[in-house]
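With mmCIF, C-alpha atoms inside, this is structure.cif:
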data_target
loop_
_atom_site.label_atom_id
_atom_site.label_comp_id
_atom_site.auth_asym_id
_atom_site.auth_seq_id
_atom_site.Cartn_x
_atom_site.Cartn_y
_atom_site.Cartn_z
CA MET A 1 160.28 94.73 4.17
CA ALA A 2 159.28 91.14 4.82
CA ASP A 3 162.49 90.49 6.63
CA THR A 4 161.84 93.39 8.92
CA ALA A 5 158.39 92.11 9.78
CA LEU A 6 159.68 88.68 10.63
CA TRP A 7 162.36 90.05 12.86
CA LEU A 8 159.82 92.22 14.57
CA MET A 9 157.65 89.15 15.26
CA VAL A 10 160.58 87.31 16.73
CA ILE A 11 161.26 90.18 19.13
CA VAL A 12 157.63 90.30 20.25
CA LEU A 13 157.56 86.62 20.93
CA ILE A 14 160.73 86.82 22.93
CA ALA A 15 159.22 89.61 25.02
CA VAL A 16 155.93 87.78 25.55
CA ILE A 17 157.42 84.59 26.89
CA PRO A 18 158.67 85.91 30.32
CA VAL A 19 155.51 87.87 30.89
CA LEU A 20 153.45 84.77 30.23
CA VAL A 21 155.60 82.70 32.54
CA VAL A 22 155.30 85.21 35.36
CA LEU A 23 151.53 85.34 35.08
CA LEU A 24 151.12 81.60 35.00
CA LYS A 25 153.45 81.23 37.95
CA GLY A 26 151.33 83.64 39.96
CA VAL A 27 148.17 81.71 39.22
CA LEU A 28 149.85 78.47 40.17
CA GLY A 29 151.14 79.93 43.44
CA ALA A 30 147.70 81.19 44.37
CA ALA A 31 146.18 77.84 43.60
CA ARG A 32 148.77 76.08 45.71
CA SER A 33 148.11 78.35 48.70
CA ILE A 34 144.42 77.43 48.91
CA PRO A 35 144.57 73.75 50.00
CA PRO A 36 146.41 74.35 53.32
CA ARG A 37 143.84 76.94 54.31
CA ILE A 38 141.04 74.59 53.39
CA ASP A 39 142.63 71.98 55.61
CA ALA A 40 142.74 74.49 58.46
CA ILE A 41 139.10 75.42 57.92
CA ALA A 42 138.19 71.77 57.94
CA GLY A 43 139.91 71.31 61.32
CA VAL A 44 138.15 74.32 62.81
CA ALA A 45 134.81 73.19 61.44
CA ALA A 46 135.28 69.79 63.01
CA ALA A 47 136.07 71.36 66.39
CA ALA A 48 133.09 73.71 66.14
CA SER A 49 130.84 70.82 65.28
CA GLN A 50 131.99 69.03 68.40
CA ASP A 51 131.44 72.14 70.52
CA LEU A 52 127.90 72.43 69.29
CA ASP A 53 127.11 69.04 70.76
CA ALA A 54 126.40 70.93 74.02
CA VAL A 55 123.56 72.84 72.38
CA VAL A 56 121.17 70.14 73.49
CA ILE A 57 121.76 71.23 77.09
CA LEU A 58 120.06 74.50 76.21
CA LEU A 59 116.76 72.67 76.35
CA THR A 60 117.50 71.75 79.96
CA THR A 61 118.51 75.34 80.65
CA GLN A 62 115.26 76.54 79.15
CA ASN A 63 113.35 74.21 81.42
CA TYR A 64 115.27 75.42 84.47
CA ILE A 65 114.72 79.05 83.58
CA SER A 66 111.01 78.45 83.18
CA GLN A 67 110.91 76.90 86.65
CA ILE A 68 112.91 79.79 88.11
CA ILE A 69 110.61 82.35 86.55
CA SER A 70 107.63 80.45 87.94
CA SER A 71 109.19 80.59 91.41
CA VAL A 72 109.89 84.29 91.00
CA ALA A 73 106.29 84.83 89.92
CA ASN A 74 105.03 83.01 93.00
CA TYR A 75 107.38 85.05 95.18
CA GLY A 76 106.13 88.23 93.56
CA GLY A 77 102.56 87.17 94.19
CA SER A 78 103.35 86.59 97.84
CA LEU A 79 105.03 89.99 98.06
CA ASN A 80 102.03 91.55 96.41
CA VAL A 81 99.81 90.14 99.11
CA ALA A 82 102.20 90.76 101.99
CA LEU A 83 103.22 94.32 101.24
CA PRO A 84 100.86 97.25 100.94
CA ASP A 85 100.61 99.19 97.74
CA TYR A 86 102.18 102.60 97.42
CA MET B 1 164.29 84.26 5.70
CA GLU B 2 164.59 80.67 6.91
CA ILE B 3 166.34 81.65 10.13
CA GLN B 4 163.59 84.04 11.04
CA VAL B 5 160.87 81.46 10.50
CA ALA B 6 162.75 78.92 12.54
CA LEU B 7 163.07 81.36 15.46
CA ILE B 8 159.38 82.12 15.36
CA ILE B 9 158.46 78.48 15.44
CA LEU B 10 160.81 77.90 18.32
CA LEU B 11 159.41 80.74 20.35
CA VAL B 12 155.82 79.65 19.82
CA ALA B 13 156.75 76.19 20.92
CA LEU B 14 158.25 77.59 24.10
CA ILE B 15 155.10 79.56 24.82
CA ILE B 16 152.92 76.53 24.36
CA ALA B 17 155.14 74.49 26.61
CA ALA B 18 155.02 77.08 29.37
CA LEU B 19 151.28 77.33 29.14
CA ALA B 20 150.91 73.62 29.32
CA ILE B 21 153.15 73.21 32.34
CA TYR B 22 151.61 75.93 34.44
CA LEU B 23 148.03 75.27 33.48
CA ILE B 24 148.31 71.58 34.22
CA ALA B 25 149.79 72.36 37.64
CA THR B 26 147.00 74.82 38.31
CA ILE B 27 144.40 72.27 37.36
CA LEU B 28 145.90 69.80 39.78
CA GLU B 29 145.75 72.31 42.57
CA LEU B 30 142.14 73.06 41.75
CA PHE B 31 141.34 69.38 42.11
CA LYS B 32 142.91 69.44 45.58
CA ILE B 33 140.86 72.49 46.45
CA ASN B 34 137.71 70.80 45.32
CA ALA B 35 138.40 67.79 47.50
CA GLY B 36 139.18 69.97 50.50
CA LEU B 37 136.02 71.99 50.06
CA ASP B 38 133.98 68.82 50.01
CA VAL B 39 135.35 67.91 53.44
CA VAL B 40 134.79 71.40 54.82
CA LEU B 41 131.31 71.62 53.43
CA ALA B 42 130.26 68.45 55.22
CA LYS B 43 131.50 69.76 58.55
CA VAL B 44 129.90 73.13 58.04
CA GLY B 45 126.68 71.32 57.32
CA GLU B 46 126.98 69.64 60.72
CA ILE B 47 127.45 73.02 62.34
CA VAL B 48 124.38 74.44 60.67
CA ALA B 49 122.32 71.42 61.62
CA LYS B 50 123.40 71.58 65.25
CA SER B 51 122.94 75.32 65.64
CA ALA B 52 119.56 75.46 63.95
CA PRO B 53 117.43 75.04 67.13
CA VAL B 54 119.58 77.41 69.17
CA ASN B 55 117.80 80.47 67.89
CA GLY B 56 114.40 79.31 69.00
CA VAL B 57 115.61 78.10 72.38
CA VAL B 58 117.49 81.31 73.09
CA ASP B 59 114.50 83.35 71.99
CA ALA B 60 112.29 81.36 74.34
CA ILE B 61 114.74 81.85 77.22
CA ASN B 62 114.96 85.57 76.55
CA GLY B 63 111.20 85.80 76.40
CA THR B 64 110.83 84.00 79.72
CA LEU B 65 113.43 86.19 81.37
CA ALA B 66 111.80 89.33 79.96
CA THR B 67 108.46 88.17 81.36
CA GLY B 68 109.98 87.72 84.80
CA ARG B 69 111.67 91.09 84.59
CA ASP B 70 108.43 92.80 83.61
CA LEU B 71 106.64 91.08 86.46
CA LEU B 72 109.15 92.24 89.05
CA GLU B 73 109.29 95.74 87.60
CA ASN B 74 105.52 96.08 87.70
CA LEU B 75 105.51 94.78 91.26
CA LEU B 76 108.16 97.34 92.16
CA LEU B 77 106.10 100.07 90.52
CA VAL B 78 103.03 99.04 92.49
CA LYS B 79 104.85 98.79 95.80
CA ALA B 80 107.38 101.59 95.63
CA GLY B 81 105.58 104.01 93.32
CA PRO B 82 107.64 106.94 92.10
CA ASP B 83 110.57 105.85 94.27
CA SER B 84 111.03 102.64 92.29
CA ALA B 85 113.43 104.20 89.81
CA GLY B 86 115.47 105.56 92.71
CA LEU B 87 115.60 102.13 94.30
CA VAL B 88 116.78 100.58 91.04
CA GLU B 89 119.31 103.37 90.66
CA SER B 90 120.63 102.77 94.16
CA LEU B 91 121.15 99.08 93.44
CA PHE B 92 122.37 99.31 89.84
CA PRO B 93 123.83 102.74 89.05
CA GLY B 94 122.70 103.91 85.64
CA GLU B 95 119.74 101.55 85.42
CA GLY B 96 117.19 103.99 86.80
CA GLU B 97 116.84 105.91 83.56
CA ARG B 98 116.55 102.72 81.52
CA PHE B 99 114.00 101.40 83.97
CA LEU B 100 111.88 104.50 83.50
CA ARG B 101 112.15 104.18 79.73
CA ARG B 102 111.15 100.53 79.86
CA VAL B 103 108.06 101.20 81.93
CA GLY B 104 107.16 104.20 79.82
CA ARG B 105 107.50 106.86 82.47
CA THR B 106 109.46 110.03 82.73
CA GLY B 107 110.89 111.95 85.63
CA LYS B 108 113.99 112.63 87.60
CA VAL B 109 115.69 109.62 89.12
CA VAL B 110 116.59 110.25 92.75
CA ASN B 111 119.12 107.76 94.02
CA THR B 112 117.56 106.46 97.20
CA GLY B 113 120.86 105.14 98.47
CA THR B 114 122.21 108.68 98.62
CA VAL B 115 119.62 109.63 101.21
CA TYR B 116 119.30 106.44 103.18
CA THR B 117 121.17 103.23 103.54
CA ARG B 118 119.60 100.42 101.63
CA GLY B 119 117.74 98.66 104.39
CA VAL B 120 116.56 101.76 106.18
CA GLY B 121 115.21 103.33 103.01
CA ILE B 122 113.26 100.28 101.97
CA LEU B 123 111.92 99.49 105.42
CA ALA B 124 110.96 103.07 106.10
CA SER B 125 109.23 103.45 102.77
CA LEU B 126 107.36 100.21 103.20
CA GLY B 127 106.52 100.67 106.85
CA ARG B 128 105.88 104.21 107.81
CA GLY B 129 105.93 106.26 104.66
CA ALA B 130 109.40 107.65 105.01
CA PRO B 131 110.06 111.03 103.47
CA ILE B 132 112.40 109.67 100.81
CA GLY B 133 114.09 112.61 99.28
CA ALA B 134 113.94 114.59 102.52
CA GLY B 135 117.58 115.40 102.01
CA HIS B 136 118.82 116.91 98.80
CA VAL B 137 120.53 114.50 96.46
CA LYS B 138 123.65 116.61 96.22
CA GLY B 139 123.63 117.52 99.90
CA PRO B 140 124.93 115.56 102.85
CA ALA B 141 123.22 112.36 103.81
CA VAL B 142 120.39 112.62 106.29
CA ARG B 143 121.29 109.37 107.94
CA ASP B 144 123.77 108.90 110.70
CA PRO B 145 126.51 106.61 109.37
CA GLN B 146 126.83 104.75 112.68
CA TYR B 147 123.28 104.79 114.02
CA SER B 148 121.26 104.84 110.84
CA THR B 149 118.13 103.27 112.28
CA THR B 150 118.11 105.68 115.22
CA ALA B 151 118.55 108.57 112.83
CA ALA B 152 115.63 107.34 110.76
CA SER B 153 113.45 106.95 113.83
CA LEU B 154 114.31 110.47 114.92
CA LEU B 155 112.54 111.70 111.81
CA TYR B 156 109.28 110.72 113.47
CA PRO B 157 108.42 112.36 116.78
CA ARG B 158 107.46 109.90 119.45
CA PRO B 159 106.40 110.73 122.98
CA GLY B 160 109.15 109.86 125.36
CA GLY B 161 111.94 110.12 122.86
CA ALA B 162 113.31 107.84 120.21
CA ARG B 163 114.27 105.14 122.72
CA ALA B 164 110.86 104.99 124.34
CA ARG B 165 109.02 101.72 124.07
CA PRO B 166 105.25 101.38 123.89
CA LYS B 167 103.52 100.77 127.17
CA SER B 168 102.12 97.44 128.14
CA PRO B 169 98.48 97.11 127.20
CA ALA B 170 95.98 97.24 130.03
CA VAL B 171 93.69 94.73 128.34
CA GLY B 172 94.20 92.09 125.71
CA SER B 173 96.21 88.95 125.25
CA ASN B 174 99.48 90.63 126.13
CA SER B 175 98.24 92.16 129.35
CA PRO B 176 99.30 92.89 131.98
CA SER B 177 102.86 93.04 130.64
CA GLN B 178 104.32 92.05 127.31
CA TYR B 179 107.89 92.44 128.45
CA GLU B 180 109.90 90.05 130.49
CA ALA B 181 110.27 90.70 134.15
CA ALA B 182 113.50 92.39 135.11
CA LEU B 183 116.18 90.26 136.66
CA THR B 184 116.88 93.02 139.15
CA PRO B 185 113.46 94.42 140.04
CA GLY B 186 113.50 97.90 141.43
CA SER B 187 116.95 98.75 140.13
CA ARG B 188 117.62 100.34 136.79
CA PRO B 189 120.80 99.25 135.03
CA ARG B 190 120.37 102.15 132.54
CA ASP B 191 118.88 105.56 132.89
CA ALA B 192 116.44 107.23 130.51
CA GLN B 193 119.24 108.28 128.19
CA GLY B 194 120.57 104.75 127.90
CA ARG B 195 123.66 105.29 129.98
CA ALA B 196 124.68 102.63 132.43
CA VAL B 197 123.87 103.47 136.03
CA GLU B 198 126.66 102.75 138.44
CA SER B 199 125.69 100.37 141.19
CA GLU B 200 125.46 102.16 144.51
CA PRO B 201 125.97 100.39 147.80
CA ALA B 202 122.76 99.55 149.56
CA GLU B 203 122.03 101.86 152.45
CA PRO B 204 120.68 100.54 155.70
CA PRO B 205 116.92 100.95 155.88
CA SER B 206 117.09 102.75 159.23
CA SER B 207 119.26 105.56 157.93
CA THR B 208 117.30 108.41 156.52
CA PRO B 209 118.43 109.37 153.02
CA PRO B 210 119.20 112.97 152.30
CA ALA B 211 116.25 114.96 151.19
CA ALA B 212 117.90 116.25 148.05
CA SER B 213 118.65 112.83 146.64
CA SER B 214 115.23 111.47 147.45
CA ALA B 215 113.57 114.46 145.87
CA SER B 216 115.68 114.48 142.75
CA ALA B 217 115.39 110.82 141.81
CA PRO B 218 112.55 109.18 143.63
CA SER B 219 112.19 106.43 141.07
CA GLU B 220 115.82 105.39 141.34
CA GLN B 221 115.57 104.80 145.09
CA ALA B 222 114.53 101.22 144.98
CA PRO B 223 111.40 100.52 146.97
CA ALA B 224 112.06 96.84 146.50
CA PRO B 225 113.17 95.93 150.05
CA GLU B 226 109.88 97.02 151.56
CA ARG B 227 107.83 95.21 148.98
CA LEU B 228 109.86 92.05 149.21
CA SER B 229 109.75 92.07 152.97
CA ALA B 230 106.00 92.37 152.95
CA LYS B 231 105.59 89.08 151.13
CA GLY B 232 106.77 86.93 153.93
CA LYS B 233 105.05 88.87 156.67
CA ARG B 234 101.51 88.67 155.48
CA PRO B 235 99.32 86.61 157.77
CA TRP B 236 98.21 84.16 155.11
CA GLU B 237 101.79 83.51 154.11
CA GLN B 238 102.88 82.60 157.59
CA SER B 239 102.45 79.37 159.42
CA PRO B 240 99.32 79.11 161.53
CA GLY B 241 99.86 80.15 165.05
CA PRO B 242 98.90 82.74 167.61
CA LEU B 243 98.88 86.16 166.06
CA PRO B 244 99.65 89.27 168.03
CA PRO B 245 96.73 91.52 168.77
CA PRO B 246 96.21 93.99 165.94
CA PRO B 247 97.03 97.57 166.67
CA SER B 248 94.13 99.89 166.44
CA PRO B 249 94.51 102.14 163.39
CA PRO B 250 93.60 105.77 163.46
CA PRO B 251 89.96 106.30 162.70
CA GLY B 252 90.43 108.55 159.64
CA ASP B 253 93.01 106.42 157.87
CA ASP B 254 91.92 105.33 154.38
CA ALA B 255 95.30 104.47 152.91
CA PRO B 256 94.92 101.06 151.25
CA ALA B 257 98.59 100.12 151.05
CA ALA B 258 99.50 99.84 154.71
CA PRO B 259 100.27 96.24 155.54
CA SER B 260 99.47 96.72 159.18
CA ARG B 261 95.96 97.64 158.23
CA VAL B 262 95.51 94.49 156.19
CA SER B 263 96.74 92.31 158.95
CA SER B 264 94.55 94.04 161.49
CA ALA B 265 91.52 93.77 159.27
CA ARG B 266 92.09 90.12 158.59
CA ASP B 267 92.54 89.38 162.20
CA SER B 268 89.47 91.28 163.31
CA ARG B 269 87.06 89.64 160.86
CA PRO B 270 84.67 87.27 162.54
CA TRP B 271 85.22 84.34 160.20
CA GLU B 272 88.92 84.43 160.91
CA GLN B 273 88.31 84.27 164.63
CA SER B 274 86.74 81.62 166.74
CA PRO B 275 83.24 80.62 165.60
CA PRO B 276 80.58 82.83 167.08
CA PRO B 277 77.84 81.37 169.18
CA ALA B 278 74.65 80.34 167.44
CA PRO B 279 72.18 83.20 167.16
CA SER B 280 69.04 82.94 169.08
CA SER B 281 65.74 82.80 167.27
CA GLY B 282 64.56 86.17 168.55
CA GLY B 283 67.51 88.19 167.44
CA THR B 284 68.90 89.46 170.67
CA ASP B 285 70.95 92.56 171.19
CA ASP B 286 73.32 90.67 173.47
CA ALA B 287 75.31 89.50 170.53
CA PRO B 288 78.93 90.56 170.22
CA PRO B 289 79.38 94.22 169.49
CA PRO B 290 80.23 93.86 165.82
CA SER B 291 76.87 92.35 164.93
CA PRO B 292 74.39 94.98 163.76
CA PRO B 293 70.66 94.48 163.67
CA PRO B 294 69.71 91.93 161.01
CA ALA B 295 67.08 94.19 159.48
CA ASP B 296 69.80 96.34 157.84
CA ASP B 297 71.34 93.49 155.88
CA ASP B 298 70.09 92.72 152.34
CA ALA B 299 72.70 90.19 151.35
CA PRO B 300 71.63 86.59 150.71
CA ALA B 301 74.57 85.25 152.70
CA PRO B 302 73.99 84.01 156.22
CA PRO B 303 72.94 87.11 158.06
CA SER B 304 74.85 86.32 161.19
CA ARG B 305 78.21 86.14 159.41
CA VAL B 306 77.77 89.31 157.37
CA SER B 307 76.24 91.22 160.19
CA SER B 308 79.05 90.21 162.44
CA ALA B 309 81.54 91.58 159.93
CA ARG B 310 79.86 94.93 159.76
CA GLY B 311 81.11 97.23 162.40
CA SER B 312 84.09 95.14 163.28
CA ARG B 313 86.25 96.56 160.54
CA PRO B 314 88.56 99.26 161.65
CA TRP B 315 87.29 101.90 159.24
CA GLU B 316 83.73 101.25 160.36
CA ARG B 317 84.38 101.85 163.97
#
Entire entry expressed as structure tokens:
Amino acid sequence: MADTALWLMVIVLIAVIPVLVVLLKGVLGAARSIPPRIDAIAGVAAAASQDLDAVVILLTTQNYISQIISSVANYGGSLNVALPDY
Amino acid sequence: MEIQVALIILLVALIIAALAIYLIATILELFKINAGLDVVLAKVGEIVAKSAPVNGVVDAINGTLATGRDLLENLLLVKAGPDSAGLVESLFPGEGERFLRRVGRTGKVVNTGTVYTRGVGILASLGRGAPIGAGHVKGPAVRDPQYSTTAASLLYPRPGGARARPKSPAVGSNSPSQYEAALTPGSRPRDAQGRAVESEPAEPPSSTPPAASSASAPSEQAPAPERLSAKGKRPWEQSPGPLPPPPSPPPGDDAPAAPSRVSSARDSRPWEQSPPPAPSSGGTDDAPPPSPPPADDDAPAPPSRVSSARGSRPWER
């Protein structure tokens, strides 16, 4: 009876070893696939950060649009005076 | 018994070795990931910092543009009234409904451009209260595709036709004529319908024109030669010299346009003739025949001159 139990344990251990190796290999492969993607994200983030340097020009655009709307308002006021109401 | 224990120990050792190898490699990769994420996180932080004010600036720009749009839309509502949606629809198809929803109004959007061309519709609605929508939206266009402005003006009856121009004012700053003088006075290059009149050879003045032509178009027979010839023959336009004796006009003639009458009248007036002799103090009746008795004259001018003019004019004889 004791011999049978020992042999059974040996068989289980032999069956567990490949399963364990496969699982650990999968984890290692997944871990190894992350760094290249992080490097790619880092490159894209650097490019996006450089592109956002032009955001400051939006302040100039805002100023120009305010001036244009002021001109349009003046033009509308002139039209309001020049043209009769319906 | 001993062989079985030895196999178990060997297998456990293999399992521990496999775990150690793979887990150590995984830990190394996780360190690499950690370092890479540190780099990425710094750059993402830059992006967040740079894009932080964009929201406020874009909101401000959108608000300014919306204010301008509302201003122009309200102005359009005030000036064009219920036709404003149709005008917007004619310029930007599909925007008429949204325009009505924005301004909080309801109604059917009639595309103004279907009825009129763009300029004619706007000018007519602003100027003379055009009947926008006179033609059905699904029907044919009211306008003439080639002469759209003429077609629009035909909608309004005008005395003299659509091509008639307003007359020159009799009084005012533009009187007597607000139009330029014709380069060919007396001749009409175009008739009333706008067609070009063919130039006819000038007829000699002595030949009498046929009665039918003179009766049918009296205005087209140019009276210019007579008028032009009268300018150089008037007495005050000629050089001083002996004038022929004026012919005596008929006594009942009151026509004011005869040049012969003007010349005879000018020539027979006393102040255009040789100076009369000085009147005597007693007022004699031996004066020249044109002088009437001075008692009839009430004018403050010298009585001799005025009295001498009376009676000498042809129509007073």
Point to revise | Reference answer for the PyMOL selection byres ((chain B) within 7 of (chain A)), as a PyMOL selection string | key: chain B and resi 1+4+7-8+11+15+18+22+25-26+29-30+32-33+36-37+39-40+43-44+46-47+50-51+54+57+61+64+68+72+75+78-81
Once you have the residues from the selection above, write them out as a compact mmCIF listing (two decimals), in the frame of the given file, restricted to C-alpha atoms.
# COMPACT_ATOMS: atom_id res chain seq x y z
CA MET B 1 164.29 84.26 5.70
CA GLN B 4 163.59 84.04 11.04
CA LEU B 7 163.07 81.36 15.46
CA ILE B 8 159.38 82.12 15.36
CA LEU B 11 159.41 80.74 20.35
CA ILE B 15 155.10 79.56 24.82
CA ALA B 18 155.02 77.08 29.37
CA TYR B 22 151.61 75.93 34.44
CA ALA B 25 149.79 72.36 37.64
CA THR B 26 147.00 74.82 38.31
CA GLU B 29 145.75 72.31 42.57
CA LEU B 30 142.14 73.06 41.75
CA LYS B 32 142.91 69.44 45.58
CA ILE B 33 140.86 72.49 46.45
CA GLY B 36 139.18 69.97 50.50
CA LEU B 37 136.02 71.99 50.06
CA VAL B 39 135.35 67.91 53.44
CA VAL B 40 134.79 71.40 54.82
CA LYS B 43 131.50 69.76 58.55
CA VAL B 44 129.90 73.13 58.04
CA GLU B 46 126.98 69.64 60.72
CA ILE B 47 127.45 73.02 62.34
CA LYS B 50 123.40 71.58 65.25
CA SER B 51 122.94 75.32 65.64
CA VAL B 54 119.58 77.41 69.17
CA VAL B 57 115.61 78.10 72.38
CA ILE B 61 114.74 81.85 77.22
CA THR B 64 110.83 84.00 79.72
CA GLY B 68 109.98 87.72 84.80
CA LEU B 72 109.15 92.24 89.05
CA LEU B 75 105.51 94.78 91.26
CA VAL B 78 103.03 99.04 92.49
CA LYS B 79 104.85 98.79 95.80
CA ALA B 80 107.38 101.59 95.63
CA GLY B 81 105.58 104.01 93.32
Point to revise | Interatomic distance (Å, one decimal) between CA of Gly113 in chain B and CA of Leu91 in chain B | key: 7.9 Å
Quick one: apply the PyMOL selection byres ((chain B and resi 87) around 10) to the file and drop the selected residues here as a PDB file with C-alpha atoms, in the frame of the given file.
ATOM      1  CA  LEU B  76     108.160  97.340  92.160  1.00  0.00           C
ATOM      2  CA  ALA B  80     107.380 101.590  95.630  1.00  0.00           C
ATOM      3  CA  PRO B  82     107.640 106.940  92.100  1.00  0.00           C
ATOM      4  CA  ASP B  83     110.570 105.850  94.270  1.00  0.00           C
ATOM      5  CA  SER B  84     111.030 102.640  92.290  1.00  0.00           C
ATOM      6  CA  ALA B  85     113.430 104.200  89.810  1.00  0.00           C
ATOM      7  CA  GLY B  86     115.470 105.560  92.710  1.00  0.00           C
ATOM      8  CA  VAL B  88     116.780 100.580  91.040  1.00  0.00           C
ATOM      9  CA  GLU B  89     119.310 103.370  90.660  1.00  0.00           C
ATOM     10  CA  SER B  90     120.630 102.770  94.160  1.00  0.00           C
ATOM     11  CA  LEU B  91     121.150  99.080  93.440  1.00  0.00           C
ATOM     12  CA  PHE B  92     122.370  99.310  89.840  1.00  0.00           C
ATOM     13  CA  PRO B  93     123.830 102.740  89.050  1.00  0.00           C
ATOM     14  CA  GLU B  95     119.740 101.550  85.420  1.00  0.00           C
ATOM     15  CA  GLY B  96     117.190 103.990  86.800  1.00  0.00           C
ATOM     16  CA  VAL B 109     115.690 109.620  89.120  1.00  0.00           C
ATOM     17  CA  VAL B 110     116.590 110.250  92.750  1.00  0.00           C
ATOM     18  CA  ASN B 111     119.120 107.760  94.020  1.00  0.00           C
ATOM     19  CA  THR B 112     117.560 106.460  97.200  1.00  0.00           C
ATOM     20  CA  GLY B 113     120.860 105.140  98.470  1.00  0.00           C
ATOM     21  CA  ARG B 118     119.600 100.420 101.630  1.00  0.00           C
ATOM     22  CA  GLY B 121     115.210 103.330 103.010  1.00  0.00           C
ATOM     23  CA  ILE B 122     113.260 100.280 101.970  1.00  0.00           C
TER      24      ILE B 122
END
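We find CA of Pro53 in chain B and CA of Thr60 in chain A to be spaced 13.2 Å apart.
CA of Leu77 in chain B is positioned 8.9 Å from CA of Val103 in chain B.
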